[in-house]
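*Asks:* Below you will find the structure I want to go over with you.
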Amino acid sequence: SYLILYLPQDTVMNRLGFRLCLANPNYLNFLAQRGYFKDKAFVNYLKYLLYWKDPEYAKYLKYPQCLHMLELLQYEHFRKELVNAQCAKCIDEQQILHWQHYSRKRMHLQQALTEQQQQNNTSGK
């Protein structure tokens, strides 16, 4: 069974590892090309994993974009499109652009905060 293949022991940590893999569009393409998204039991398992959206579980996610991918995987059209390697490549490129934008924005915010703290320290003396 695919669950044994991907989740040898169905524990929270194994489900966490599998969920994090869902953030990788190339892995999703791999699953799609091997027909996993046509398996009703697998699709039901993906639906079951939506409980990870609960903050009690989501706080353990290293790659929170896997939650977005999991939501998209609930749609048959999205699952069918993932067979196409170009689709996975496009998603991968969009993720990279998002991370770059986020990193630049975070760096600017940190610089502004540092400058503000330095101003506060000099004006407070």
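Residues are named by chain letter and number: chains run A, B, ... in the order of the structure tokens, numbers start at 1 in each chain, and ligands are numbered from 1 in the order shown.
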Could you list, as a list of chain:residue names, every residue within 7 Å of region 38-49 of chain A, counting only C-alpha atoms and ignoring same-chain residues fewer than 3 positions away?

*Replies:*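 The residues that qualify are A:Gly35, A:Trp52, A:Leu70, A:Gln74.
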
*Asks:* Give the helix (DSSP H, G or I) residues of chain A, as DSSP finds them on the backbone, and put them as an MDAnalysis selection string.

*Replies:* chainID A and resid 2:6 12:21 25:33 36:38 40:53 55:58 65:72 76:81 85:123

*Asks:* Find the spatial neighbours of His68 (chain A), counting only C-alpha atoms, within a cut-off of 10 Å - ignore same-chain residues fewer than 4 positions away - and output them as an NGL selection string.

*Replies:* :A and (22-23 or 53 or 64 or 72-73)

*Asks:* Can you work out which one of A:Asn120, A:Leu97, A:Cys21, A:Phe37 has the shortest atom-to-atom distance to Leu61 (chain A), counting only C-alpha atoms?

*Replies:* A:Cys21

*Asks:* Quick one: distance from CA of Arg106 (chain A) to CA of Leu50 (chain A) in Å, one decimal?

*Replies:*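 Spanning CA of Arg106 (chain A) to CA of Leu50 (chain A) is a straight-line distance of 28.5 Å.
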
*Asks:* What is the distance between CA of Leu82 (chain A) and CA of Lys59 (chain A), in Å to one decimal?

*Replies:*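 Between CA of Leu82 (chain A) and CA of Lys59 (chain A) the gap is 27.4 Å.
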
*Asks:* Near Asn24 (chain A), counting only C-alpha atoms, which residues have an atom at most 12 Å away, once you skip same-chain residues fewer than 4 positions from it, shown as a list in words?

*Replies:*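 Those residues are Gly17, Phe18, Arg19, Leu20, Leu28, Asn29, Phe30, Leu31, Tyr63, Pro64, Gln65, Cys66, Leu67, His68, Met69, Leu70, Leu82, Ala88, Lys89, Cys90, Ile91, Asp92, Glu93, Gln94, Gln95 and Ile96 of chain A.
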
*Asks:* As an exercise, work out the distance from CA of Trp99 (chain A) to CA of Arg34 (chain A) in Å and give it to one decimal place.

*Replies:*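 Spanning CA of Trp99 (chain A) to CA of Arg34 (chain A) is a straight-line distance of 28.8 Å.
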
*Asks:* Of the residues A:Tyr60, A:Gln100, A:Pro25, A:Tyr36, which is the one nearest to Asn84 (chain A), using only C-alpha atoms?

*Replies:* A:Pro25
